$ cat entry.pdb   # PDB, C-alpha atoms and all ligand atoms
ATOM      1  CA  MET A  25     -25.770  14.587 -14.502
ATOM      2  CA  THR A  26     -26.567  17.892 -12.867
ATOM      3  CA  ASP A  27     -23.965  20.456 -11.888
ATOM      4  CA  ASP A  28     -23.608  19.222  -8.317
ATOM      5  CA  GLY A  29     -23.180  15.620  -9.386
ATOM      6  CA  THR A  30     -26.626  14.271  -8.586
ATOM      7  CA  THR A  31     -28.145  11.802 -10.990
ATOM      8  CA  THR A  32     -31.583  10.399 -11.353
ATOM      9  CA  SER A  33     -31.017   7.767 -14.020
ATOM     10  CA  THR A  34     -28.638   5.679 -11.917
ATOM     11  CA  ARG A  35     -31.245   5.086  -9.283
ATOM     12  CA  SER A  36     -34.119   4.151 -11.541
ATOM     13  CA  ALA A  37     -33.588   0.426 -10.976
ATOM     14  CA  TRP A  38     -34.469   0.842  -7.288
ATOM     15  CA  ASP A  39     -38.025   1.071  -6.072
ATOM     16  CA  ALA A  40     -37.046   2.959  -2.870
ATOM     17  CA  PRO A  41     -33.917   4.687  -1.532
ATOM     18  CA  VAL A  42     -31.398   1.965  -0.825
ATOM     19  CA  ARG A  43     -30.368   3.561   2.467
ATOM     20  CA  THR A  44     -33.898   3.318   3.801
ATOM     21  CA  LEU A  45     -34.277  -0.269   2.643
ATOM     22  CA  LEU A  46     -31.027  -1.593   4.071
ATOM     23  CA  ARG A  47     -30.499   0.482   7.217
ATOM     24  CA  ALA A  48     -30.055  -1.883  10.188
ATOM     25  CA  ARG A  49     -33.335  -2.150  12.031
ATOM     26  CA  PRO A  50     -33.225  -2.001  15.827
ATOM     27  CA  GLY A  51     -33.459  -5.448  17.376
ATOM     28  CA  VAL A  52     -32.872  -7.278  14.103
ATOM     29  CA  ALA A  53     -32.282 -11.020  14.494
ATOM     30  CA  LEU A  54     -29.621 -11.805  11.928
ATOM     31  CA  ALA A  55     -30.625 -15.466  11.806
ATOM     32  CA  ASP A  56     -33.923 -14.242  10.319
ATOM     33  CA  VAL A  57     -32.360 -12.091   7.610
ATOM     34  CA  ASP A  58     -32.945 -13.580   4.157
ATOM     35  CA  ALA A  59     -29.443 -13.452   2.696
ATOM     36  CA  SER A  60     -30.736 -14.342  -0.774
ATOM     37  CA  ALA A  61     -33.195 -11.445  -0.915
ATOM     38  CA  THR A  62     -32.709  -8.465  -3.240
ATOM     39  CA  PRO A  63     -34.493  -5.655  -1.351
ATOM     40  CA  GLY A  64     -35.650  -2.823  -3.543
ATOM     41  CA  PHE A  65     -34.169  -4.169  -6.746
ATOM     42  CA  ASP A  66     -36.862  -5.047  -9.187
ATOM     43  CA  GLY A  67     -34.810  -7.210 -11.467
ATOM     44  CA  ARG A  68     -32.639 -10.275 -11.945
ATOM     45  CA  LYS A  69     -28.931 -10.856 -12.393
ATOM     46  CA  ALA A  70     -29.116  -9.914 -16.083
ATOM     47  CA  ASP A  71     -30.717  -6.579 -15.161
ATOM     48  CA  ALA A  72     -28.019  -5.929 -12.578
ATOM     49  CA  VAL A  73     -25.266  -5.708 -15.194
ATOM     50  CA  PRO A  74     -26.518  -2.495 -16.884
ATOM     51  CA  ALA A  75     -27.657  -1.132 -13.517
ATOM     52  CA  LEU A  76     -24.157  -1.603 -12.074
ATOM     53  CA  ALA A  77     -22.545  -0.031 -15.137
ATOM     54  CA  ALA A  78     -24.841   3.002 -14.835
ATOM     55  CA  LEU A  79     -24.039   3.338 -11.148
ATOM     56  CA  GLY A  80     -20.357   3.016 -11.948
ATOM     57  CA  THR A  81     -20.501   5.967 -14.315
ATOM     58  CA  GLY A  82     -22.123   8.125 -11.655
ATOM     59  CA  LEU A  83     -19.805   6.835  -8.947
ATOM     60  CA  SER A  84     -16.721   7.547 -11.004
ATOM     61  CA  ASP A  85     -17.821  11.143 -11.672
ATOM     62  CA  LEU A  86     -18.626  11.707  -7.989
ATOM     63  CA  GLN A  87     -15.310  10.213  -6.887
ATOM     64  CA  GLU A  88     -13.428  12.527  -9.239
ATOM     65  CA  ARG A  89     -15.293  15.515  -7.790
ATOM     66  CA  LEU A  90     -14.296  14.375  -4.308
ATOM     67  CA  PHE A  91     -10.679  14.000  -5.389
ATOM     68  CA  ALA A  92     -10.673  17.453  -7.027
ATOM     69  CA  HIS A  93     -12.218  18.861  -3.842
ATOM     70  CA  GLY A  94      -9.405  17.335  -1.760
ATOM     71  CA  ARG A  95      -6.757  18.658  -4.155
ATOM     72  CA  THR A  96      -8.095  22.195  -3.780
ATOM     73  CA  GLY A  97      -8.182  22.392  -0.006
ATOM     74  CA  GLY A  98     -11.503  20.660   0.694
ATOM     75  CA  GLU A  99     -11.745  18.489   3.784
ATOM     76  CA  ARG A 100     -14.428  15.963   2.973
ATOM     77  CA  SER A 101     -13.823  12.236   2.609
ATOM     78  CA  VAL A 102     -15.835   9.028   2.728
ATOM     79  CA  LEU A 103     -15.126   5.871   4.712
ATOM     80  CA  LEU A 104     -16.680   2.575   3.679
ATOM     81  CA  VAL A 105     -16.436  -0.036   6.432
ATOM     82  CA  LEU A 106     -16.892  -3.609   5.180
ATOM     83  CA  GLN A 107     -17.692  -6.332   7.662
ATOM     84  CA  GLY A 108     -18.985  -9.846   7.189
ATOM     85  CA  LEU A 109     -18.332 -13.487   7.960
ATOM     86  CA  ASP A 110     -15.697 -15.359   5.939
ATOM     87  CA  THR A 111     -16.705 -15.593   2.251
ATOM     88  CA  ALA A 112     -19.309 -12.809   2.599
ATOM     89  CA  GLY A 113     -17.733 -11.071  -0.391
ATOM     90  CA  LYS A 114     -15.735  -8.168   1.030
ATOM     91  CA  GLY A 115     -12.971  -8.715  -1.527
ATOM     92  CA  GLY A 116     -15.504  -8.829  -4.350
ATOM     93  CA  ILE A 117     -16.875  -5.446  -3.278
ATOM     94  CA  VAL A 118     -13.387  -3.988  -3.374
ATOM     95  CA  ARG A 119     -12.709  -5.444  -6.810
ATOM     96  CA  HIS A 120     -16.063  -4.823  -8.468
ATOM     97  CA  VAL A 121     -17.358  -1.664  -6.766
ATOM     98  CA  LEU A 122     -14.221   0.282  -5.936
ATOM     99  CA  GLY A 123     -12.783  -1.102  -9.169
ATOM    100  CA  MET A 124     -15.169   1.206 -11.024
ATOM    101  CA  VAL A 125     -13.409   4.357  -9.772
ATOM    102  CA  ASP A 126      -9.909   5.807 -10.166
ATOM    103  CA  PRO A 127      -7.585   3.847  -7.835
ATOM    104  CA  GLN A 128      -5.613   6.973  -6.906
ATOM    105  CA  GLY A 129      -8.672   8.226  -5.051
ATOM    106  CA  VAL A 130      -9.150   5.065  -3.002
ATOM    107  CA  ALA A 131      -7.328   4.254   0.231
ATOM    108  CA  LEU A 132      -7.833   0.568   0.988
ATOM    109  CA  ARG A 133      -6.833  -1.013   4.261
ATOM    110  CA  ALA A 134      -7.378  -4.650   5.215
ATOM    111  CA  PHE A 135      -7.234  -5.435   8.928
ATOM    112  CA  GLY A 136      -5.888  -8.786  10.056
ATOM    113  CA  VAL A 137      -5.105 -10.255  13.447
ATOM    114  CA  PRO A 138      -3.299  -7.500  15.396
ATOM    115  CA  THR A 139       0.467  -7.866  15.662
ATOM    116  CA  PRO A 140       1.990  -7.989  19.177
ATOM    117  CA  GLN A 141       2.959  -4.352  18.684
ATOM    118  CA  GLU A 142      -0.585  -3.403  17.731
ATOM    119  CA  ARG A 143      -1.978  -5.322  20.687
ATOM    120  CA  ALA A 144       0.154  -3.236  23.010
ATOM    121  CA  GLN A 145      -1.640  -0.081  21.795
ATOM    122  CA  HIS A 146      -5.229   1.071  22.168
ATOM    123  CA  PHE A 147      -7.245  -0.849  19.578
ATOM    124  CA  LEU A 148      -8.185   2.333  17.703
ATOM    125  CA  VAL A 149      -4.589   3.460  17.094
ATOM    126  CA  ARG A 150      -4.082   1.381  13.949
ATOM    127  CA  VAL A 151      -7.568   2.325  12.762
ATOM    128  CA  ARG A 152      -7.024   6.051  13.210
ATOM    129  CA  ALA A 153      -3.785   5.791  11.231
ATOM    130  CA  ALA A 154      -5.726   4.285   8.311
ATOM    131  CA  LEU A 155      -8.419   6.970   8.038
ATOM    132  CA  PRO A 156      -8.800   8.476   4.550
ATOM    133  CA  ALA A 157      -7.117  11.788   3.752
ATOM    134  CA  PRO A 158      -9.351  14.604   2.456
ATOM    135  CA  GLY A 159     -10.668  13.854  -1.015
ATOM    136  CA  ARG A 160     -10.303  10.082  -0.666
ATOM    137  CA  ILE A 161     -12.646   7.166  -0.362
ATOM    138  CA  GLY A 162     -11.270   5.036   2.461
ATOM    139  CA  VAL A 163     -12.207   1.367   2.514
ATOM    140  CA  PHE A 164     -11.758  -0.867   5.544
ATOM    141  CA  ASP A 165     -11.791  -4.592   4.723
ATOM    142  CA  ARG A 166     -12.637  -5.622   8.312
ATOM    143  CA  SER A 167     -12.191  -2.901  10.850
ATOM    144  CA  HIS A 168     -12.281  -1.858  14.509
ATOM    145  CA  TYR A 169     -15.418  -3.985  14.766
ATOM    146  CA  GLU A 170     -13.222  -7.082  14.826
ATOM    147  CA  ASP A 171     -11.973  -5.730  18.159
ATOM    148  CA  VAL A 172     -15.390  -6.270  19.699
ATOM    149  CA  LEU A 173     -16.559  -9.290  17.693
ATOM    150  CA  VAL A 174     -13.559 -11.597  18.063
ATOM    151  CA  PRO A 175     -12.844 -11.065  21.790
ATOM    152  CA  ARG A 176     -16.520 -11.418  22.559
ATOM    153  CA  VAL A 177     -16.851 -14.738  20.751
ATOM    154  CA  GLU A 178     -13.498 -15.977  22.030
ATOM    155  CA  GLY A 179     -14.337 -14.883  25.589
ATOM    156  CA  ASP A 180     -11.180 -12.762  25.832
ATOM    157  CA  LEU A 181     -12.850  -9.640  27.183
ATOM    158  CA  ASP A 182     -15.427  -9.255  29.961
ATOM    159  CA  ALA A 183     -18.754  -7.434  29.524
ATOM    160  CA  ALA A 184     -17.421  -4.189  30.981
ATOM    161  CA  GLY A 185     -14.423  -4.315  28.643
ATOM    162  CA  LEU A 186     -16.671  -4.863  25.634
ATOM    163  CA  ASP A 187     -19.019  -2.030  26.647
ATOM    164  CA  ALA A 188     -16.041   0.280  26.990
ATOM    165  CA  ARG A 189     -14.881  -0.622  23.471
ATOM    166  CA  LEU A 190     -18.361  -0.039  22.032
ATOM    167  CA  ALA A 191     -18.454   3.382  23.703
ATOM    168  CA  ASP A 192     -14.964   4.145  22.369
ATOM    169  CA  ILE A 193     -16.129   3.199  18.877
ATOM    170  CA  THR A 194     -19.220   5.428  18.863
ATOM    171  CA  ALA A 195     -17.209   8.372  20.211
ATOM    172  CA  PHE A 196     -14.464   7.738  17.622
ATOM    173  CA  GLU A 197     -16.915   7.552  14.719
ATOM    174  CA  ALA A 198     -18.705  10.732  15.855
ATOM    175  CA  GLU A 199     -15.345  12.498  15.896
ATOM    176  CA  VAL A 200     -14.452  11.168  12.442
ATOM    177  CA  ALA A 201     -17.822  12.323  11.067
ATOM    178  CA  ALA A 202     -17.434  15.744  12.671
ATOM    179  CA  GLN A 203     -14.099  16.126  10.891
ATOM    180  CA  GLY A 204     -15.814  15.771   7.506
ATOM    181  CA  THR A 205     -15.733  12.043   6.810
ATOM    182  CA  THR A 206     -18.992  10.420   5.755
ATOM    183  CA  VAL A 207     -19.037   6.985   7.391
ATOM    184  CA  VAL A 208     -20.918   4.156   5.658
ATOM    185  CA  LYS A 209     -20.858   0.785   7.428
ATOM    186  CA  VAL A 210     -21.859  -2.338   5.533
ATOM    187  CA  LEU A 211     -22.489  -5.772   6.975
ATOM    188  CA  LEU A 212     -22.477  -8.284   4.122
ATOM    189  CA  TRP A 213     -24.764 -11.054   5.234
ATOM    190  CA  VAL A 214     -24.254 -14.542   3.820
ATOM    191  CA  SER A 215     -26.387 -17.591   4.703
ATOM    192  CA  PRO A 216     -24.856 -20.747   6.244
ATOM    193  CA  GLY A 217     -25.625 -22.733   3.076
ATOM    194  CA  GLU A 218     -24.013 -20.226   0.735
ATOM    195  CA  GLN A 219     -21.011 -19.892   3.028
ATOM    196  CA  HIS A 220     -20.579 -23.667   2.948
ATOM    197  CA  ALA A 221     -20.669 -23.637  -0.846
ATOM    198  CA  ARG A 222     -18.120 -20.807  -1.033
ATOM    199  CA  LEU A 223     -15.728 -22.405   1.459
ATOM    200  CA  ARG A 224     -16.081 -25.700  -0.417
ATOM    201  CA  GLU A 225     -15.130 -23.971  -3.631
ATOM    202  CA  ARG A 226     -11.997 -22.685  -1.942
ATOM    203  CA  LEU A 227     -11.053 -26.295  -1.240
ATOM    204  CA  THR A 228     -12.039 -27.813  -4.558
ATOM    205  CA  ARG A 229     -10.512 -25.212  -6.894
ATOM    206  CA  PRO A 230      -6.726 -25.061  -6.672
ATOM    207  CA  GLU A 231      -6.664 -21.402  -7.682
ATOM    208  CA  LYS A 232      -8.741 -20.658  -4.581
ATOM    209  CA  HIS A 233      -6.739 -22.708  -2.087
ATOM    210  CA  TRP A 234      -4.826 -19.609  -1.022
ATOM    211  CA  LYS A 235      -8.072 -18.035   0.192
ATOM    212  CA  TYR A 236      -8.868 -20.899   2.541
ATOM    213  CA  ASP A 237      -7.834 -20.792   6.173
ATOM    214  CA  PRO A 238      -8.400 -23.938   8.282
ATOM    215  CA  ARG A 239      -9.650 -21.624  11.033
ATOM    216  CA  ASP A 240     -12.583 -20.650   8.807
ATOM    217  CA  VAL A 241     -14.308 -23.917   9.807
ATOM    218  CA  ASP A 242     -13.809 -23.189  13.511
ATOM    219  CA  VAL A 243     -15.272 -19.729  13.057
ATOM    220  CA  ARG A 244     -18.155 -21.171  11.028
ATOM    221  CA  LEU A 245     -18.990 -23.490  13.917
ATOM    222  CA  ARG A 246     -19.381 -20.422  16.118
ATOM    223  CA  ARG A 247     -21.860 -18.745  13.803
ATOM    224  CA  PRO A 248     -24.617 -18.365  16.446
ATOM    225  CA  ALA A 249     -22.150 -16.553  18.697
ATOM    226  CA  TYR A 250     -21.095 -14.293  15.799
ATOM    227  CA  GLU A 251     -24.739 -13.587  14.991
ATOM    228  CA  ALA A 252     -25.354 -12.500  18.574
ATOM    229  CA  ALA A 253     -22.172 -10.422  18.606
ATOM    230  CA  TYR A 254     -23.105  -8.704  15.337
ATOM    231  CA  ALA A 255     -26.642  -8.051  16.575
ATOM    232  CA  ASP A 256     -25.165  -6.305  19.614
ATOM    233  CA  VAL A 257     -22.838  -4.259  17.423
ATOM    234  CA  LEU A 258     -25.749  -3.171  15.227
ATOM    235  CA  ALA A 259     -27.859  -2.304  18.270
ATOM    236  CA  HIS A 260     -25.142  -0.172  19.883
ATOM    237  CA  THR A 261     -23.224   1.419  17.044
ATOM    238  CA  SER A 262     -25.698   2.254  14.284
ATOM    239  CA  THR A 263     -25.925   6.022  14.676
ATOM    240  CA  ASP A 264     -27.159   8.768  12.373
ATOM    241  CA  VAL A 265     -23.571   9.891  11.731
ATOM    242  CA  ALA A 266     -22.289   6.343  11.191
ATOM    243  CA  PRO A 267     -25.182   4.087  10.218
ATOM    244  CA  TRP A 268     -25.004   0.348   9.585
ATOM    245  CA  TYR A 269     -26.525  -1.218   6.504
ATOM    246  CA  VAL A 270     -27.249  -4.944   6.347
ATOM    247  CA  VAL A 271     -26.731  -6.124   2.771
ATOM    248  CA  PRO A 272     -27.984  -9.595   1.786
ATOM    249  CA  ALA A 273     -24.926 -11.153   0.156
ATOM    250  CA  ASP A 274     -25.842 -14.600  -1.142
ATOM    251  CA  ARG A 275     -26.292 -13.062  -4.564
ATOM    252  CA  LYS A 276     -23.003 -11.360  -5.255
ATOM    253  CA  TRP A 277     -24.510  -9.239  -8.006
ATOM    254  CA  TYR A 278     -27.053  -7.798  -5.581
ATOM    255  CA  ALA A 279     -24.486  -7.036  -2.870
ATOM    256  CA  ARG A 280     -22.267  -5.238  -5.399
ATOM    257  CA  LEU A 281     -25.171  -3.239  -6.731
ATOM    258  CA  ALA A 282     -26.414  -2.330  -3.254
ATOM    259  CA  VAL A 283     -22.996  -1.230  -1.985
ATOM    260  CA  SER A 284     -22.458   0.781  -5.181
ATOM    261  CA  ALA A 285     -25.770   2.531  -4.577
ATOM    262  CA  LEU A 286     -24.949   3.198  -0.909
ATOM    263  CA  LEU A 287     -21.595   4.667  -1.858
ATOM    264  CA  HIS A 288     -23.100   6.629  -4.731
ATOM    265  CA  ASP A 289     -25.750   8.197  -2.495
ATOM    266  CA  ALA A 290     -23.204   9.050   0.225
ATOM    267  CA  LEU A 291     -21.035  10.840  -2.346
ATOM    268  CA  ALA A 292     -23.987  12.554  -4.012
ATOM    269  CA  ASP A 293     -25.035  13.949  -0.625
ATOM    270  CA  LEU A 294     -21.781  15.918  -0.506
ATOM    271  CA  ARG A 295     -23.074  17.954  -3.471
ATOM    272  CA  LEU A 296     -19.566  18.727  -4.611
ATOM    273  CA  ARG A 297     -19.099  21.112  -7.496
ATOM    274  CA  TRP A 298     -16.002  21.214  -9.668
ATOM    275  CA  PRO A 299     -13.442  23.540  -8.072
ATOM    276  CA  GLU A 300     -13.226  27.096  -9.370
ATOM    277  CA  PRO A 301      -9.939  27.764 -11.211
ATOM    278  CA  THR A 302      -7.381  29.845  -9.354
ATOM    279  CA  TYR A 303      -6.408  31.528 -12.656
ATOM    280  CA  ASP A 304      -8.270  33.493 -15.294
ATOM    281  CA  VAL A 305      -9.478  30.996 -17.906
ATOM    282  CA  ALA A 306      -9.776  33.523 -20.785
ATOM    283  CA  THR A 307      -6.261  34.847 -20.162
ATOM    284  CA  GLU A 308      -4.832  31.331 -20.040
ATOM    285  CA  LEU A 309      -6.649  30.339 -23.231
ATOM    286  CA  ALA A 310      -5.190  33.354 -25.010
ATOM    287  CA  ARG A 311      -1.699  32.597 -23.682
ATOM    288  CA  LEU A 312      -1.956  28.978 -24.713
ATOM    289  CA  ASP A 313      -3.288  29.707 -28.182
ATOM    290  CA  ALA A 314      -0.464  32.173 -28.722
ATOM    291  CA  THR A 315       1.894  29.188 -28.530
ATOM    292  CA  ALA A 316       0.091  27.243 -31.275
TER     293      ALA A 316
HETATM  294  P1  LIG B 401      -9.135 -12.288   6.231
HETATM  295  O1  LIG B 401     -10.072 -11.122   6.236
HETATM  296  O2  LIG B 401      -9.732 -13.526   5.666
HETATM  297  O3  LIG B 401      -7.804 -11.951   5.642
HETATM  298  O4  LIG B 401      -8.849 -12.679   7.750
HETATM  299  C1  LIG B 401      -8.393 -11.754   8.677
HETATM  300  C2  LIG B 401      -8.512 -12.365  10.040
HETATM  301  O5  LIG B 401      -8.041 -11.422  10.977
HETATM  302  C3  LIG B 401      -9.918 -12.733  10.445
HETATM  303  O6  LIG B 401      -9.935 -14.000  11.040
HETATM  304  C4  LIG B 401     -10.262 -11.666  11.461
HETATM  305  O7  LIG B 401     -11.185 -12.088  12.422
HETATM  306  C5  LIG B 401      -8.919 -11.379  12.059
HETATM  307  N1  LIG B 401      -8.877 -10.066  12.688
HETATM  308  C6  LIG B 401      -8.919  -8.867  12.089
HETATM  309  N2  LIG B 401      -8.899  -7.871  12.996
HETATM  310  C7  LIG B 401      -8.872  -8.467  14.203
HETATM  311  C8  LIG B 401      -8.861  -7.981  15.542
HETATM  312  N3  LIG B 401      -8.864  -6.683  15.789
HETATM  313  N4  LIG B 401      -8.817  -8.886  16.541
HETATM  314  C9  LIG B 401      -8.796 -10.204  16.262
HETATM  315  N5  LIG B 401      -8.818 -10.726  15.041
HETATM  316  C10 LIG B 401      -8.844  -9.881  14.029
HETATM  317 MG    MG B 402     -10.216 -15.348   5.267
END
$ encode --input "entry.pdb" --output "structure tokens"
Amino acid sequence: MTDDGTTTSTRSAWDAPVRTLLRARPGVALADVDASATPGFDGRKADAVPALAALGTGLSDLQERLFAHGRTGGERSVLLVLQGLDTAGKGGIVRHVLGMVDPQGVALRAFGVPTPQERAQHFLVRVRAALPAPGRIGVFDRSHYEDVLVPRVEGDLDAAGLDARLADITAFEAEVAAQGTTVVKVLLWVSPGEQHARLRERLTRPEKHWKYDPRDVDVRLRRPAYEAAYADVLAHTSTDVAPWYVVPADRKWYARLAVSALLHDALADLRLRWPEPTYDVATELARLDATA
């Protein structure tokens, strides 16, 4: 680990920068994305375990630097936006990736169907209220993107209304980035076959029944419409200040590794040093030792 928190060892498992490999490509047809691929990772599940642990060590150090920065007047923060179809593994990312860092530095917000009160407001009001404070890693489990995906698939908003929301989103994210928040948007992409297996498991294992929602099957039947809606979102909202990454998610170990690497690189880019003390260290050492 160098003084500004950059590491080389944690990235050795990757054969190219993960951000380059996974950045959403213009015009991508999601139906053609191989959800079982492991782009850039030259290894198998067994190799992912030490790779994830190494990334976790780096991530934890970088997160503590960010927290210390926030505690000492710094204004930077990071926002990880997680999107994906049901069973894509958003919860697993929260547990296994964010679980590797100090929970006091993480601000997690899951977005569900808007309440009547929320519906009466502009769709970004509840999102703005959930933005991370300085020094924090904010995580959105679903996000403002549901406000363009769901109404589009359900036919609740006309084309002009959807375009207006997309424009609102890009302006909002540019403003968030300009205020010092690094925005990382991840689309976890699961194949129809793997999604079927995961939903089935929710029905066949009693301890997973609580995760199943009968509406998941209705949504699954609309997959082509969701693919088109997501493709439009990627085409219109993947900007340099708030890029989208498409992460193949059929192999949970790969998705966790990839998101860890994306988060790691976003934090490393901040090049945060440990804060300078506001007191004289030698004087304080002498004072302290005098009490021994
Ligand atoms: P889950 O993530 O499984 O807890 O499910 C949350 C549900 O809330 C999903 O069906 C989402 O599509 C839905 N949801 C979240 N945000 C919105 C939104 N802004 N508009 C409509 N539905 C939403
Ligand atoms: Mg669900």
$ residues_around --input "entry.pdb" --residues "segment 185-202 of chain A" --least-positions-apart "3" --cutoff "8 Å" --atoms "only C-alpha atoms" --output "ChimeraX atom specification"
/A:168,171-172,176,181-182,205-207,257,260-261,263,265-266
$ residues_around --input "entry.pdb" --residues "segment 135-138 of chain A" --least-positions-apart "4" --cutoff "9 Å" --atoms "all atoms listed in the file" --output "PyMOL selection string"
chain A and resi 142-143+147+151+164-168+170
$ residues_around --input "entry.pdb" --residues "His93 of chain A" --least-positions-apart "3" --cutoff "9 Å" --atoms "all atoms listed in the file" --output "PyMOL selection string"
chain A and resi 88-90+96-100+158-159+296-299
$ resolve_selection --input "entry.pdb" --expression "the PyMOL selection byres (((chain A and resi 235-252) around 12) and not hetatm)" --output "JSON list (two decimals) with C-alpha atoms, in the frame of the given file"
[["chain", "number", "residue", "atom", "x", "y", "z"],
["A", 51, "GLY", "CA", -33.46, -5.45, 17.38],
["A", 52, "VAL", "CA", -32.87, -7.28, 14.10],
["A", 53, "ALA", "CA", -32.28, -11.02, 14.49],
["A", 54, "LEU", "CA", -29.62, -11.80, 11.93],
["A", 55, "ALA", "CA", -30.62, -15.47, 11.81],
["A", 56, "ASP", "CA", -33.92, -14.24, 10.32],
["A", 57, "VAL", "CA", -32.36, -12.09, 7.61],
["A", 107, "GLN", "CA", -17.69, -6.33, 7.66],
["A", 108, "GLY", "CA", -18.98, -9.85, 7.19],
["A", 109, "LEU", "CA", -18.33, -13.49, 7.96],
["A", 110, "ASP", "CA", -15.70, -15.36, 5.94],
["A", 111, "THR", "CA", -16.70, -15.59, 2.25],
["A", 112, "ALA", "CA", -19.31, -12.81, 2.60],
["A", 113, "GLY", "CA", -17.73, -11.07, -0.39],
["A", 115, "GLY", "CA", -12.97, -8.72, -1.53],
["A", 169, "TYR", "CA", -15.42, -3.98, 14.77],
["A", 170, "GLU", "CA", -13.22, -7.08, 14.83],
["A", 172, "VAL", "CA", -15.39, -6.27, 19.70],
["A", 173, "LEU", "CA", -16.56, -9.29, 17.69],
["A", 174, "VAL", "CA", -13.56, -11.60, 18.06],
["A", 175, "PRO", "CA", -12.84, -11.06, 21.79],
["A", 176, "ARG", "CA", -16.52, -11.42, 22.56],
["A", 177, "VAL", "CA", -16.85, -14.74, 20.75],
["A", 178, "GLU", "CA", -13.50, -15.98, 22.03],
["A", 179, "GLY", "CA", -14.34, -14.88, 25.59],
["A", 211, "LEU", "CA", -22.49, -5.77, 6.98],
["A", 213, "TRP", "CA", -24.76, -11.05, 5.23],
["A", 214, "VAL", "CA", -24.25, -14.54, 3.82],
["A", 215, "SER", "CA", -26.39, -17.59, 4.70],
["A", 216, "PRO", "CA", -24.86, -20.75, 6.24],
["A", 217, "GLY", "CA", -25.62, -22.73, 3.08],
["A", 218, "GLU", "CA", -24.01, -20.23, 0.74],
["A", 219, "GLN", "CA", -21.01, -19.89, 3.03],
["A", 220, "HIS", "CA", -20.58, -23.67, 2.95],
["A", 222, "ARG", "CA", -18.12, -20.81, -1.03],
["A", 223, "LEU", "CA", -15.73, -22.40, 1.46],
["A", 224, "ARG", "CA", -16.08, -25.70, -0.42],
["A", 225, "GLU", "CA", -15.13, -23.97, -3.63],
["A", 226, "ARG", "CA", -12.00, -22.68, -1.94],
["A", 227, "LEU", "CA", -11.05, -26.30, -1.24],
["A", 228, "THR", "CA", -12.04, -27.81, -4.56],
["A", 229, "ARG", "CA", -10.51, -25.21, -6.89],
["A", 230, "PRO", "CA", -6.73, -25.06, -6.67],
["A", 231, "GLU", "CA", -6.66, -21.40, -7.68],
["A", 232, "LYS", "CA", -8.74, -20.66, -4.58],
["A", 233, "HIS", "CA", -6.74, -22.71, -2.09],
["A", 234, "TRP", "CA", -4.83, -19.61, -1.02],
["A", 253, "ALA", "CA", -22.17, -10.42, 18.61],
["A", 254, "TYR", "CA", -23.10, -8.70, 15.34],
["A", 255, "ALA", "CA", -26.64, -8.05, 16.58],
["A", 256, "ASP", "CA", -25.16, -6.30, 19.61],
["A", 257, "VAL", "CA", -22.84, -4.26, 17.42],
["A", 258, "LEU", "CA", -25.75, -3.17, 15.23],
["A", 259, "ALA", "CA", -27.86, -2.30, 18.27]]
$ atom_distance --input "entry.pdb" --atom1 "atom CA of Leu132 of chain A" --atom2 "atom CA of Pro74 of chain A"
26.0 Å
$ axis_aligned_box --input "entry.pdb" --around "ligand LIG 401 (chain B)" --padding-each-side "6 Å" --output "AutoDock Vina command-line options"
--center_x -9.5 --center_y -10.3 --center_z 11.1 --size_x 15.4 --size_y 19.3 --size_z 22.9
$ resolve_selection --input "entry.pdb" --expression "the PyMOL selection byres (((chain A and resi 62) around 10) and not hetatm)" --output "short mmCIF file (atom, residue, chain, number, x, y, z; two decimals) with C-alpha atoms, in the frame of the given file"
data_model
loop_
_atom_site.label_atom_id
_atom_site.label_comp_id
_atom_site.auth_asym_id
_atom_site.auth_seq_id
_atom_site.Cartn_x
_atom_site.Cartn_y
_atom_site.Cartn_z
CA ASP A 58 -32.94 -13.58 4.16
CA ALA A 59 -29.44 -13.45 2.70
CA SER A 60 -30.74 -14.34 -0.77
CA ALA A 61 -33.20 -11.44 -0.92
CA PRO A 63 -34.49 -5.66 -1.35
CA GLY A 64 -35.65 -2.82 -3.54
CA PHE A 65 -34.17 -4.17 -6.75
CA ASP A 66 -36.86 -5.05 -9.19
CA GLY A 67 -34.81 -7.21 -11.47
CA ARG A 68 -32.64 -10.28 -11.94
CA VAL A 271 -26.73 -6.12 2.77
CA PRO A 272 -27.98 -9.60 1.79
CA ALA A 273 -24.93 -11.15 0.16
CA ASP A 274 -25.84 -14.60 -1.14
CA ARG A 275 -26.29 -13.06 -4.56
CA TRP A 277 -24.51 -9.24 -8.01
CA TYR A 278 -27.05 -7.80 -5.58
CA ALA A 279 -24.49 -7.04 -2.87
CA LEU A 281 -25.17 -3.24 -6.73
CA ALA A 282 -26.41 -2.33 -3.25
#
$ decode --input "entry.pdb" --residues "segment 147-151 of chain A" --atoms "N, CA and C atoms" --output "compact mmCIF listing (two decimals), in the first residue's frame"
# COMPACT_ATOMS: atom_id res chain seq x y z
N PHE A 147 -39.92 12.62 -8.50
CA PHE A 147 -39.34 11.30 -8.22
C PHE A 147 -37.94 11.36 -7.63
N LEU A 148 -37.23 12.47 -7.80
CA LEU A 148 -35.86 12.54 -7.28
C LEU A 148 -35.79 13.01 -5.82
N VAL A 149 -36.93 13.42 -5.26
CA VAL A 149 -36.90 13.94 -3.88
C VAL A 149 -36.40 12.88 -2.90
N ARG A 150 -36.97 11.68 -2.98
CA ARG A 150 -36.56 10.64 -2.01
C ARG A 150 -35.13 10.18 -2.26
N VAL A 151 -34.69 10.32 -3.52
CA VAL A 151 -33.34 9.90 -3.89
C VAL A 151 -32.32 10.91 -3.34
